[in-house]
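To be precise, the following lines are work.txt, and they hold compact mmCIF, C-alpha atoms (C1' of nucleotides).
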# COMPACT_ATOMS: atom_id res chain seq x y z
CA MET A 1 -17.44 -43.57 -1.51
CA THR A 2 -14.05 -42.43 -0.27
CA ALA A 3 -13.07 -44.51 2.78
CA ARG A 4 -12.16 -42.01 5.45
CA LYS A 5 -9.44 -43.08 7.87
CA TYR A 6 -8.86 -41.66 11.30
CA SER A 7 -6.41 -38.82 11.61
CA ARG A 8 -5.38 -37.14 14.82
CA GLN A 9 -4.79 -33.91 12.90
CA ARG A 10 -8.35 -33.86 11.60
CA GLU A 11 -9.60 -34.50 15.11
CA LEU A 12 -7.58 -31.61 16.50
CA ILE A 13 -8.89 -29.27 13.80
CA LYS A 14 -12.50 -30.20 14.48
CA GLU A 15 -11.99 -29.98 18.24
CA PHE A 16 -10.46 -26.54 17.97
CA LEU A 17 -13.16 -25.28 15.65
CA MET A 18 -15.84 -26.45 18.06
CA THR A 19 -14.40 -24.23 20.78
CA ARG A 20 -14.74 -21.12 18.64
CA LYS A 21 -17.79 -19.19 17.65
CA ASP A 22 -15.96 -16.48 15.69
CA HIS A 23 -15.61 -18.48 12.44
CA PRO A 24 -11.83 -18.48 12.04
CA THR A 25 -9.90 -18.72 8.79
CA ALA A 26 -7.68 -21.65 7.80
CA ASP A 27 -4.58 -19.79 8.89
CA VAL A 28 -5.99 -18.93 12.31
CA ILE A 29 -6.93 -22.58 12.76
CA TYR A 30 -3.43 -23.58 11.71
CA GLN A 31 -1.77 -21.21 14.17
CA ASN A 32 -3.91 -22.52 17.01
CA VAL A 33 -3.72 -26.23 16.27
CA ARG A 34 0.04 -25.87 16.23
CA ASN A 35 -0.15 -25.46 19.99
CA GLU A 36 -1.23 -29.08 20.19
CA ASN A 37 0.77 -30.38 17.23
CA PRO A 38 3.67 -28.13 16.24
CA ASN A 39 4.47 -30.30 13.23
CA ILE A 40 1.13 -30.00 11.48
CA SER A 41 1.38 -28.38 8.07
CA LEU A 42 -0.87 -25.72 6.61
CA GLY A 43 -1.69 -28.00 3.69
CA THR A 44 -3.00 -30.59 6.13
CA VAL A 45 -5.24 -27.98 7.70
CA TYR A 46 -6.63 -26.96 4.31
CA ARG A 47 -7.13 -30.55 3.18
CA ASN A 48 -8.93 -31.54 6.37
CA LEU A 49 -11.12 -28.46 6.37
CA THR A 50 -12.22 -29.48 2.89
CA LEU A 51 -12.79 -33.10 3.95
CA LEU A 52 -14.77 -32.04 7.02
CA SER A 53 -16.98 -29.72 5.00
CA GLU A 54 -17.49 -32.40 2.34
CA ASP A 55 -18.64 -34.70 5.14
CA GLY A 56 -20.99 -32.02 6.44
CA GLU A 57 -19.20 -31.81 9.78
CA ILE A 58 -18.36 -28.14 9.34
CA ASN A 59 -19.39 -25.33 7.03
CA ARG A 60 -17.27 -23.15 4.81
CA LEU A 61 -18.29 -19.49 4.71
CA ASN A 62 -17.55 -17.14 1.80
CA VAL A 63 -18.17 -13.80 3.42
CA GLY A 64 -16.55 -11.83 0.60
CA ASP A 65 -13.30 -10.79 2.26
CA GLY A 66 -11.17 -13.02 0.07
CA THR A 67 -10.50 -15.74 2.62
CA ASP A 68 -12.78 -18.57 3.63
CA HIS A 69 -14.09 -18.84 7.17
CA PHE A 70 -15.13 -22.05 8.91
CA ASP A 71 -17.94 -22.91 11.30
CA ALA A 72 -18.36 -26.10 13.32
CA ASP A 73 -21.99 -25.26 13.96
CA THR A 74 -23.81 -26.91 11.07
CA SER A 75 -27.30 -26.15 12.31
CA PRO A 76 -29.12 -23.74 9.99
CA HIS A 77 -28.36 -20.18 10.96
CA TYR A 78 -27.27 -16.90 9.40
CA HIS A 79 -24.19 -14.72 9.71
CA PHE A 80 -23.47 -11.06 10.06
CA VAL A 81 -20.23 -9.56 8.73
CA CYS A 82 -18.93 -6.25 10.04
CA THR A 83 -17.77 -4.12 7.12
CA GLU A 84 -15.33 -2.31 9.39
CA CYS A 85 -13.54 -4.95 11.42
CA GLY A 86 -14.48 -8.02 9.37
CA SER A 87 -15.80 -10.00 12.32
CA VAL A 88 -18.29 -12.74 11.51
CA ILE A 89 -21.08 -13.15 14.05
CA ASP A 90 -23.91 -15.66 14.40
CA LEU A 91 -27.40 -14.26 14.04
CA GLU A 92 -30.36 -15.50 16.01
CA MET A 93 -33.18 -15.49 13.52
CA ASP A 94 -35.58 -17.97 12.02
CA SER A 95 -34.66 -19.72 8.82
CA ILE A 96 -36.06 -18.06 5.72
CA GLU A 97 -36.23 -21.06 3.43
CA SER A 98 -39.42 -19.57 2.06
CA ILE A 99 -37.38 -17.25 -0.12
CA ASN A 100 -36.30 -20.28 -2.15
CA SER A 101 -39.81 -20.62 -3.54
CA ALA A 102 -39.93 -16.89 -4.21
CA ALA A 103 -36.75 -17.28 -6.22
CA ALA A 104 -38.04 -20.37 -8.01
CA ALA A 105 -41.30 -18.71 -9.07
CA ASN A 106 -40.04 -17.27 -12.34
CA PHE A 107 -36.95 -19.42 -12.78
CA ASP A 108 -36.55 -22.30 -15.19
CA GLY A 109 -34.22 -24.57 -13.24
CA ARG A 110 -33.87 -26.23 -9.86
CA ILE A 111 -33.18 -24.07 -6.80
CA GLU A 112 -31.75 -26.13 -3.95
CA GLY A 113 -30.84 -23.49 -1.40
CA HIS A 114 -29.40 -20.09 -0.74
CA ARG A 115 -26.64 -18.40 1.17
CA THR A 116 -27.28 -15.07 2.84
CA TYR A 117 -24.84 -12.81 4.63
CA PHE A 118 -25.88 -9.66 6.42
CA TYR A 119 -23.56 -6.65 6.42
CA GLY A 120 -23.27 -3.59 8.60
CA THR A 121 -21.45 -2.34 11.67
CA CYS A 122 -21.03 -4.52 14.72
CA ARG A 123 -21.70 -3.44 18.29
CA HIS A 124 -18.04 -2.82 19.01
CA CYS A 125 -17.34 -0.71 15.90
CA THR A 126 -20.57 1.24 16.41
CA ARG A 127 -19.45 2.21 19.88
CA LEU A 128 -16.07 3.37 18.62
CA HIS A 129 -17.89 6.02 16.60
CA GLU A 130 -19.92 7.40 19.45
CA HIS A 131 -18.61 10.80 20.49
CA SER A 132 -20.19 11.40 23.88
CA MET B 1 -13.25 12.74 -2.62
CA THR B 2 -10.98 11.25 -5.28
CA ALA B 3 -11.28 13.30 -8.43
CA ARG B 4 -12.07 10.89 -11.19
CA LYS B 5 -10.66 11.64 -14.62
CA TYR B 6 -11.97 10.33 -17.88
CA SER B 7 -10.40 7.18 -19.23
CA ARG B 8 -11.23 5.50 -22.49
CA GLN B 9 -10.27 2.16 -20.95
CA ARG B 10 -12.80 2.57 -18.15
CA GLU B 11 -15.44 3.54 -20.69
CA LEU B 12 -14.72 0.44 -22.77
CA ILE B 13 -14.96 -1.79 -19.71
CA LYS B 14 -18.29 -0.31 -18.67
CA GLU B 15 -19.63 -0.44 -22.22
CA PHE B 16 -18.67 -4.08 -22.60
CA LEU B 17 -20.14 -5.03 -19.24
CA MET B 18 -23.43 -3.38 -20.14
CA THR B 19 -23.78 -5.65 -23.17
CA ARG B 20 -23.53 -8.77 -21.03
CA LYS B 21 -26.03 -10.28 -18.67
CA ASP B 22 -23.93 -13.30 -17.71
CA HIS B 23 -21.82 -11.53 -15.06
CA PRO B 24 -18.33 -12.09 -16.48
CA THR B 25 -15.09 -12.26 -14.50
CA ALA B 26 -12.26 -9.74 -14.76
CA ASP B 27 -10.33 -11.98 -17.10
CA VAL B 28 -13.30 -12.47 -19.44
CA ILE B 29 -13.78 -8.71 -19.51
CA TYR B 30 -10.08 -8.28 -20.24
CA GLN B 31 -10.12 -10.76 -23.12
CA ASN B 32 -13.11 -9.03 -24.68
CA VAL B 33 -12.06 -5.43 -24.21
CA ARG B 34 -8.81 -6.33 -25.93
CA ASN B 35 -10.78 -6.54 -29.16
CA GLU B 36 -11.29 -2.78 -28.93
CA ASN B 37 -7.98 -1.90 -27.28
CA PRO B 38 -5.31 -4.61 -27.72
CA ASN B 39 -2.88 -2.72 -25.47
CA ILE B 40 -5.05 -2.60 -22.37
CA SER B 41 -3.48 -4.38 -19.42
CA LEU B 42 -5.15 -6.77 -17.01
CA GLY B 43 -4.18 -4.52 -14.11
CA THR B 44 -6.07 -1.65 -15.73
CA VAL B 45 -9.15 -3.85 -15.98
CA TYR B 46 -8.93 -4.79 -12.32
CA ARG B 47 -8.32 -1.23 -11.19
CA ASN B 48 -11.21 0.16 -13.19
CA LEU B 49 -13.58 -2.57 -12.07
CA THR B 50 -12.77 -1.57 -8.52
CA LEU B 51 -13.23 2.14 -9.29
CA LEU B 52 -16.53 1.52 -11.06
CA SER B 53 -17.87 -0.54 -8.18
CA GLU B 54 -16.69 2.07 -5.67
CA ASP B 55 -18.66 4.63 -7.67
CA GLY B 56 -21.70 2.39 -7.65
CA GLU B 57 -21.71 2.07 -11.43
CA ILE B 58 -21.33 -1.70 -11.33
CA ASN B 59 -21.58 -4.45 -8.73
CA ARG B 60 -19.02 -7.00 -7.70
CA LEU B 61 -20.41 -10.46 -7.01
CA ASN B 62 -18.75 -13.01 -4.71
CA VAL B 63 -20.56 -16.14 -5.76
CA GLY B 64 -18.16 -18.46 -3.95
CA ASP B 65 -16.25 -19.90 -6.91
CA GLY B 66 -13.02 -18.12 -6.05
CA THR B 67 -13.23 -15.41 -8.71
CA ASP B 68 -15.24 -12.24 -8.61
CA HIS B 69 -17.99 -11.61 -11.13
CA PHE B 70 -19.23 -8.21 -12.28
CA ASP B 71 -22.65 -6.85 -13.10
CA ALA B 72 -23.48 -3.54 -14.80
CA ASP B 73 -27.09 -3.83 -13.64
CA THR B 74 -27.08 -2.05 -10.30
CA SER B 75 -30.81 -2.20 -9.76
CA PRO B 76 -31.69 -4.42 -6.79
CA HIS B 77 -32.02 -8.02 -7.88
CA TYR B 78 -30.84 -11.48 -6.89
CA HIS B 79 -28.64 -14.07 -8.54
CA PHE B 80 -28.71 -17.79 -9.08
CA VAL B 81 -25.48 -19.80 -9.35
CA CYS B 82 -25.48 -23.20 -11.02
CA THR B 83 -23.43 -25.59 -8.90
CA GLU B 84 -22.62 -27.66 -11.99
CA CYS B 85 -21.59 -25.22 -14.70
CA GLY B 86 -21.00 -22.15 -12.54
CA SER B 87 -23.22 -19.87 -14.60
CA VAL B 88 -24.60 -16.82 -12.81
CA ILE B 89 -28.15 -15.91 -13.77
CA ASP B 90 -30.40 -12.98 -12.85
CA LEU B 91 -33.50 -13.88 -10.88
CA GLU B 92 -36.81 -12.13 -11.32
CA MET B 93 -38.11 -11.78 -7.80
CA ASP B 94 -39.07 -9.00 -5.47
CA SER B 95 -36.52 -7.59 -3.11
CA ILE B 96 -36.75 -9.07 0.36
CA GLU B 97 -35.43 -6.20 2.42
CA SER B 98 -37.76 -7.35 5.16
CA ILE B 99 -35.24 -9.99 6.18
CA ASN B 100 -32.93 -7.21 7.34
CA SER B 101 -35.30 -6.39 10.17
CA ALA B 102 -35.67 -10.09 10.98
CA ALA B 103 -31.88 -10.25 11.28
CA ALA B 104 -31.73 -7.06 13.33
CA ALA B 105 -34.34 -8.23 15.83
CA ASN B 106 -31.93 -9.96 18.20
CA PHE B 107 -28.72 -8.33 17.08
CA ASP B 108 -26.81 -5.62 18.89
CA GLY B 109 -25.33 -3.67 16.00
CA ARG B 110 -26.36 -1.97 12.77
CA ILE B 111 -27.50 -4.09 9.84
CA GLU B 112 -27.27 -2.18 6.58
CA GLY B 113 -28.02 -4.83 4.01
CA HIS B 114 -27.60 -8.39 2.89
CA ARG B 115 -26.30 -10.42 0.01
CA THR B 116 -28.09 -13.55 -1.05
CA TYR B 117 -27.12 -16.08 -3.68
CA PHE B 118 -29.34 -18.96 -4.69
CA TYR B 119 -27.79 -22.27 -5.66
CA GLY B 120 -29.00 -25.26 -7.64
CA THR B 121 -29.03 -26.63 -11.16
CA CYS B 122 -29.73 -24.40 -14.13
CA ARG B 123 -32.12 -25.20 -16.93
CA HIS B 124 -29.36 -26.34 -19.25
CA CYS B 125 -27.64 -28.66 -16.77
CA THR B 126 -30.99 -30.10 -15.66
CA ARG B 127 -31.76 -31.07 -19.25
CA LEU B 128 -28.40 -32.76 -19.65
CA HIS B 129 -29.45 -35.20 -16.93
CA GLU B 130 -32.77 -36.11 -18.48
CA HIS B 131 -32.63 -39.65 -19.92
CA SER B 132 -35.71 -39.83 -22.11
C1' DA C 1 0.12 26.35 -22.75
C1' DT C 2 1.17 24.12 -18.44
C1' DA C 3 1.50 21.38 -14.67
C1' DA C 4 -0.46 18.55 -11.02
C1' DA C 5 -3.42 14.68 -10.55
C1' DA C 6 -5.00 10.61 -12.43
C1' DA C 7 -4.53 6.84 -15.24
C1' DC C 8 -1.79 3.85 -17.99
C1' DA C 9 1.05 -0.51 -19.59
C1' DG C 10 3.99 -3.71 -18.12
C1' DT C 11 5.74 -6.29 -14.69
C1' DA C 12 6.69 -7.94 -10.09
C1' DA C 13 4.80 -9.24 -5.82
C1' DT C 14 1.29 -10.97 -2.65
C1' DC C 15 -2.01 -13.98 -0.70
C1' DA C 16 -5.02 -17.86 -0.32
C1' DT C 17 -5.26 -22.22 -1.79
C1' DT C 18 -4.08 -26.53 -4.20
C1' DA C 19 -0.89 -29.96 -6.07
C1' DC C 20 3.03 -32.94 -5.67
C1' DT C 21 6.10 -36.38 -3.46
C1' DA C 22 8.34 -39.29 -0.55
C1' DT C 23 7.25 -41.06 4.01
C1' DT C 24 4.18 -42.47 7.74
C1' DT C 25 -0.33 -44.10 9.62
C1' DT C 26 -4.51 -46.49 9.58
C1' DC C 27 -7.08 -50.64 9.53
C1' DA C 28 -9.16 -54.70 7.52
C1' DA C 29 -8.07 -59.19 6.26
C1' DA C 30 -4.96 -62.96 6.43
C1' DT D 1 0.02 -60.35 15.05
C1' DT D 2 1.67 -59.52 10.74
C1' DT D 3 0.89 -57.35 6.27
C1' DG D 4 -0.21 -54.45 2.69
C1' DA D 5 -3.08 -51.32 0.23
C1' DA D 6 -5.43 -47.03 0.94
C1' DA D 7 -5.37 -42.79 3.18
C1' DA D 8 -3.07 -39.26 5.37
C1' DT D 9 0.99 -36.55 6.38
C1' DA D 10 4.85 -32.86 6.29
C1' DG D 11 7.19 -30.13 3.50
C1' DT D 12 7.51 -27.77 -0.48
C1' DA D 13 6.42 -26.18 -5.08
C1' DA D 14 2.97 -24.46 -8.03
C1' DT D 15 -1.27 -22.09 -9.23
C1' DG D 16 -4.56 -18.45 -9.87
C1' DA D 17 -6.69 -14.25 -8.68
C1' DT D 18 -5.62 -9.92 -7.42
C1' DT D 19 -2.80 -5.96 -5.98
C1' DA D 20 1.38 -3.11 -5.91
C1' DC D 21 5.07 -0.73 -8.12
C1' DT D 22 7.26 2.33 -11.68
C1' DG D 23 8.28 5.14 -15.27
C1' DT D 24 5.38 7.15 -18.97
C1' DT D 25 1.19 9.14 -20.92
C1' DT D 26 -3.50 11.49 -20.44
C1' DT D 27 -6.62 14.34 -18.56
C1' DT D 28 -8.19 18.69 -17.19
C1' DA D 29 -8.38 22.90 -14.42
C1' DT D 30 -6.09 27.17 -14.48

In structure tokens, how does this file's structure come out?
Amino acid sequence: MTARKYSRQRELIKEFLMTRKDHPTADVIYQNVRNENPNISLGTVYRNLTLLSEDGEINRLNVGDGTDHFDADTSPHYHFVCTECGSVIDLEMDSIESINSAAAANFDGRIEGHRTYFYGTCRHCTRLHEHS
Amino acid sequence: MTARKYSRQRELIKEFLMTRKDHPTADVIYQNVRNENPNISLGTVYRNLTLLSEDGEINRLNVGDGTDHFDADTSPHYHFVCTECGSVIDLEMDSIESINSAAAANFDGRIEGHRTYFYGTCRHCTRLHEHS
DNA sequence: ATAAAAACAGTAATCATTACTATTTTCAAA
DNA sequence: TTTGAAAATAGTAATGATTACTGTTTTTAT
């Protein structure tokens, strides 16, 4: 519906996000894209992140830490969030779309999908606790 | 560790939340508790919601709409979020703790739990679309 | 009773995000 | 190739949820 026009800024944002697998926040993206375009504004970053996710080119993650994270990998996969350091890590596991039907069983409405985040302690933070 | 002292305000907040199954936000709780205590401040509501959830007496829900929701039902259960009206509804389905082990299979770290929200259109919004 | 810890009301501050505005860029059609 | 309307931009102001601060009041163990 909305005619999308080319923008170098949007391209830079997408390009940067594709190089990262740590699911950065808008501000981290902003700080990094500024290396390529020092004049870009934070509002432009936010607006383009929204446009890209509306277009399905990226995903917005609400991991529960108060700030959104972004992911250029739109293939179905799950995320782990470390409750100590806050890092967001891709999980290698099969999709569990079957839980949608489990949820729909006793529900009077239409269930279209789900979002699942796993929480715990990441490898690095676990090791920090080890007292050998 | 932190010695908790009685507070009438905290009691009112918990009591109100227990009467509701629609998972209200802090501001909705504030507006309602003011009927019982017109002097209560919004900061007190926020602080006590945090204390109550730290104590495991209530749960904080991050449904992805930008504002936290609260639930006095701490028994394990899942939630549905209507993408049209934003309502948050309890789901009657078995716990699927088994997905934790699926997530842990290829992950080098400790997975302690997960949070899952189901999205779609609620009964009410679905009916609004029906053109009979 | 008393006093230290906890909680309070009221308000200011913070943080992420969105909205606004005047200017610049894109791009399809002339 | 111009041209002009739509889209996008930079910069800044505003918003909304939440947290922090401060002087006062409550709680509660002694």

Considering all atoms listed in the file, extract the chain A residues located within 12 Å of chain C and return them as a PDB file with C-alpha atoms, keeping the file's coordinate frame.
ATOM      1  CA  ALA A   3     -13.070 -44.510   2.780  1.00  0.00           C
ATOM      2  CA  ARG A   4     -12.160 -42.010   5.450  1.00  0.00           C
ATOM      3  CA  LYS A   5      -9.440 -43.080   7.870  1.00  0.00           C
ATOM      4  CA  TYR A   6      -8.860 -41.660  11.300  1.00  0.00           C
ATOM      5  CA  SER A   7      -6.410 -38.820  11.610  1.00  0.00           C
ATOM      6  CA  ARG A   8      -5.380 -37.140  14.820  1.00  0.00           C
ATOM      7  CA  GLN A   9      -4.790 -33.910  12.900  1.00  0.00           C
ATOM      8  CA  THR A  25      -9.900 -18.720   8.790  1.00  0.00           C
ATOM      9  CA  ALA A  26      -7.680 -21.650   7.800  1.00  0.00           C
ATOM     10  CA  ASP A  27      -4.580 -19.790   8.890  1.00  0.00           C
ATOM     11  CA  LEU A  42      -0.870 -25.720   6.610  1.00  0.00           C
ATOM     12  CA  GLY A  43      -1.690 -28.000   3.690  1.00  0.00           C
ATOM     13  CA  THR A  44      -3.000 -30.590   6.130  1.00  0.00           C
ATOM     14  CA  VAL A  45      -5.240 -27.980   7.700  1.00  0.00           C
ATOM     15  CA  TYR A  46      -6.630 -26.960   4.310  1.00  0.00           C
ATOM     16  CA  ARG A  47      -7.130 -30.550   3.180  1.00  0.00           C
ATOM     17  CA  LEU A  49     -11.120 -28.460   6.370  1.00  0.00           C
ATOM     18  CA  THR A  50     -12.220 -29.480   2.890  1.00  0.00           C
ATOM     19  CA  ASP A  65     -13.300 -10.790   2.260  1.00  0.00           C
ATOM     20  CA  GLY A  66     -11.170 -13.020   0.070  1.00  0.00           C
ATOM     21  CA  THR A  67     -10.500 -15.740   2.620  1.00  0.00           C
ATOM     22  CA  ASP A  68     -12.780 -18.570   3.630  1.00  0.00           C
ATOM     23  CA  HIS A  69     -14.090 -18.840   7.170  1.00  0.00           C
TER      24      HIS A  69
END

Completion exercise
A straight line from atom CA of Arg20 of chain A to atom CA of Asp73 of chain A spans 9.6 Å

Problem - 10 Å contacts from chain D to chain A using all atoms listed in the file, as a ChimeraX atom specification - result: /D:6-11,17-18

Save out the residues we just selected, C-alpha atoms (C1' of nucleotides), as a short mmCIF file (atom, residue, chain, number, x, y, z; two decimals), in the coordinates of the input.
data_model
loop_
_atom_site.label_atom_id
_atom_site.label_comp_id
_atom_site.auth_asym_id
_atom_site.auth_seq_id
_atom_site.Cartn_x
_atom_site.Cartn_y
_atom_site.Cartn_z
"C1'" DA D 6 -5.43 -47.03 0.94
"C1'" DA D 7 -5.37 -42.79 3.18
"C1'" DA D 8 -3.07 -39.26 5.37
"C1'" DT D 9 0.99 -36.55 6.38
"C1'" DA D 10 4.85 -32.86 6.29
"C1'" DG D 11 7.19 -30.13 3.50
"C1'" DA D 17 -6.69 -14.25 -8.68
"C1'" DT D 18 -5.62 -9.92 -7.42
#

Based on only C-alpha atoms, which of the residues in chain B come within 9 Å of chain A? I want them as a PDB file with C-alpha atoms, in the coordinates of the input.
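Everything below was put into selection-v6.pdb:
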ATOM      1  CA  LEU B  61     -20.410 -10.460  -7.010  1.00  0.00           C
ATOM      2  CA  ASN B  62     -18.750 -13.010  -4.710  1.00  0.00           C
ATOM      3  CA  VAL B  63     -20.560 -16.140  -5.760  1.00  0.00           C
ATOM      4  CA  GLY B  64     -18.160 -18.460  -3.950  1.00  0.00           C
ATOM      5  CA  GLY B  66     -13.020 -18.120  -6.050  1.00  0.00           C
ATOM      6  CA  TYR B  78     -30.840 -11.480  -6.890  1.00  0.00           C
ATOM      7  CA  PHE B  80     -28.710 -17.790  -9.080  1.00  0.00           C
ATOM      8  CA  CYS B  82     -25.480 -23.200 -11.020  1.00  0.00           C
ATOM      9  CA  LEU B  91     -33.500 -13.880 -10.880  1.00  0.00           C
ATOM     10  CA  GLU B  92     -36.810 -12.130 -11.320  1.00  0.00           C
ATOM     11  CA  MET B  93     -38.110 -11.780  -7.800  1.00  0.00           C
ATOM     12  CA  ASP B  94     -39.070  -9.000  -5.470  1.00  0.00           C
ATOM     13  CA  ILE B  96     -36.750  -9.070   0.360  1.00  0.00           C
ATOM     14  CA  ILE B  99     -35.240  -9.990   6.180  1.00  0.00           C
ATOM     15  CA  ASN B 100     -32.930  -7.210   7.340  1.00  0.00           C
ATOM     16  CA  ALA B 102     -35.670 -10.090  10.980  1.00  0.00           C
ATOM     17  CA  ALA B 103     -31.880 -10.250  11.280  1.00  0.00           C
ATOM     18  CA  ALA B 104     -31.730  -7.060  13.330  1.00  0.00           C
ATOM     19  CA  ALA B 105     -34.340  -8.230  15.830  1.00  0.00           C
ATOM     20  CA  ASN B 106     -31.930  -9.960  18.200  1.00  0.00           C
ATOM     21  CA  PHE B 107     -28.720  -8.330  17.080  1.00  0.00           C
ATOM     22  CA  ASP B 108     -26.810  -5.620  18.890  1.00  0.00           C
ATOM     23  CA  GLY B 109     -25.330  -3.670  16.000  1.00  0.00           C
ATOM     24  CA  ARG B 110     -26.360  -1.970  12.770  1.00  0.00           C
ATOM     25  CA  ILE B 111     -27.500  -4.090   9.840  1.00  0.00           C
ATOM     26  CA  GLU B 112     -27.270  -2.180   6.580  1.00  0.00           C
ATOM     27  CA  GLY B 113     -28.020  -4.830   4.010  1.00  0.00           C
ATOM     28  CA  HIS B 114     -27.600  -8.390   2.890  1.00  0.00           C
ATOM     29  CA  ARG B 115     -26.300 -10.420   0.010  1.00  0.00           C
ATOM     30  CA  THR B 116     -28.090 -13.550  -1.050  1.00  0.00           C
ATOM     31  CA  TYR B 117     -27.120 -16.080  -3.680  1.00  0.00           C
ATOM     32  CA  PHE B 118     -29.340 -18.960  -4.690  1.00  0.00           C
ATOM     33  CA  TYR B 119     -27.790 -22.270  -5.660  1.00  0.00           C
ATOM     34  CA  GLY B 120     -29.000 -25.260  -7.640  1.00  0.00           C
ATOM     35  CA  THR B 121     -29.030 -26.630 -11.160  1.00  0.00           C
ATOM     36  CA  CYS B 122     -29.730 -24.400 -14.130  1.00  0.00           C
ATOM     37  CA  ARG B 123     -32.120 -25.200 -16.930  1.00  0.00           C
ATOM     38  CA  HIS B 124     -29.360 -26.340 -19.250  1.00  0.00           C
ATOM     39  CA  CYS B 125     -27.640 -28.660 -16.770  1.00  0.00           C
ATOM     40  CA  THR B 126     -30.990 -30.100 -15.660  1.00  0.00           C
TER      41      THR B 126
END

Please give the centre and size of the box around segment 88-100 of chain A (axis-aligned, containing every atom listed in the file, 8 Å added per side), with values in Å to one decimal and written as AutoDock Vina command-line options.
--center_x -28.9 --center_y -16.9 --center_z 6.9 --size_x 37.1 --size_y 24.3 --size_z 34.2

Skipping near chain neighbours, those fewer than 3 positions away, what residues fall within 10 Å of Ile58 of chain B using all atoms listed in the file, listed as an mmCIF file with C-alpha atoms, keeping the file's coordinate frame?
data_model
loop_
_atom_site.group_PDB
_atom_site.id
_atom_site.type_symbol
_atom_site.label_atom_id
_atom_site.label_comp_id
_atom_site.auth_asym_id
_atom_site.auth_seq_id
_atom_site.Cartn_x
_atom_site.Cartn_y
_atom_site.Cartn_z
ATOM 1 C CA LYS B 14 -18.290 -0.310 -18.670
ATOM 2 C CA LEU B 17 -20.140 -5.030 -19.240
ATOM 3 C CA MET B 18 -23.430 -3.380 -20.140
ATOM 4 C CA LEU B 49 -13.580 -2.570 -12.070
ATOM 5 C CA THR B 50 -12.770 -1.570 -8.520
ATOM 6 C CA LEU B 51 -13.230 2.140 -9.290
ATOM 7 C CA LEU B 52 -16.530 1.520 -11.060
ATOM 8 C CA SER B 53 -17.870 -0.540 -8.180
ATOM 9 C CA GLU B 54 -16.690 2.070 -5.670
ATOM 10 C CA ASP B 55 -18.660 4.630 -7.670
ATOM 11 C CA LEU B 61 -20.410 -10.460 -7.010
ATOM 12 C CA PHE B 70 -19.230 -8.210 -12.280
ATOM 13 C CA ASP B 71 -22.650 -6.850 -13.100
ATOM 14 C CA ALA B 72 -23.480 -3.540 -14.800
ATOM 15 C CA ASP B 73 -27.090 -3.830 -13.640
ATOM 16 C CA THR B 74 -27.080 -2.050 -10.300
ATOM 17 C CA SER B 75 -30.810 -2.200 -9.760
#

Exercise for the section: To one decimal in Å, tell me the separation between atom CA of Pro76 of chain B and atom CA of Leu12 of chain B. Expected result: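 Taking atom CA of Pro76 of chain B and atom CA of Leu12 of chain B, their separation equals 23.8 Å.
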
Exercise for the section: For atom CA of His77 of chain A and atom CA of His23 of chain B, quote the distance in Å rounded to one decimal. Expected result: 28.2 Å
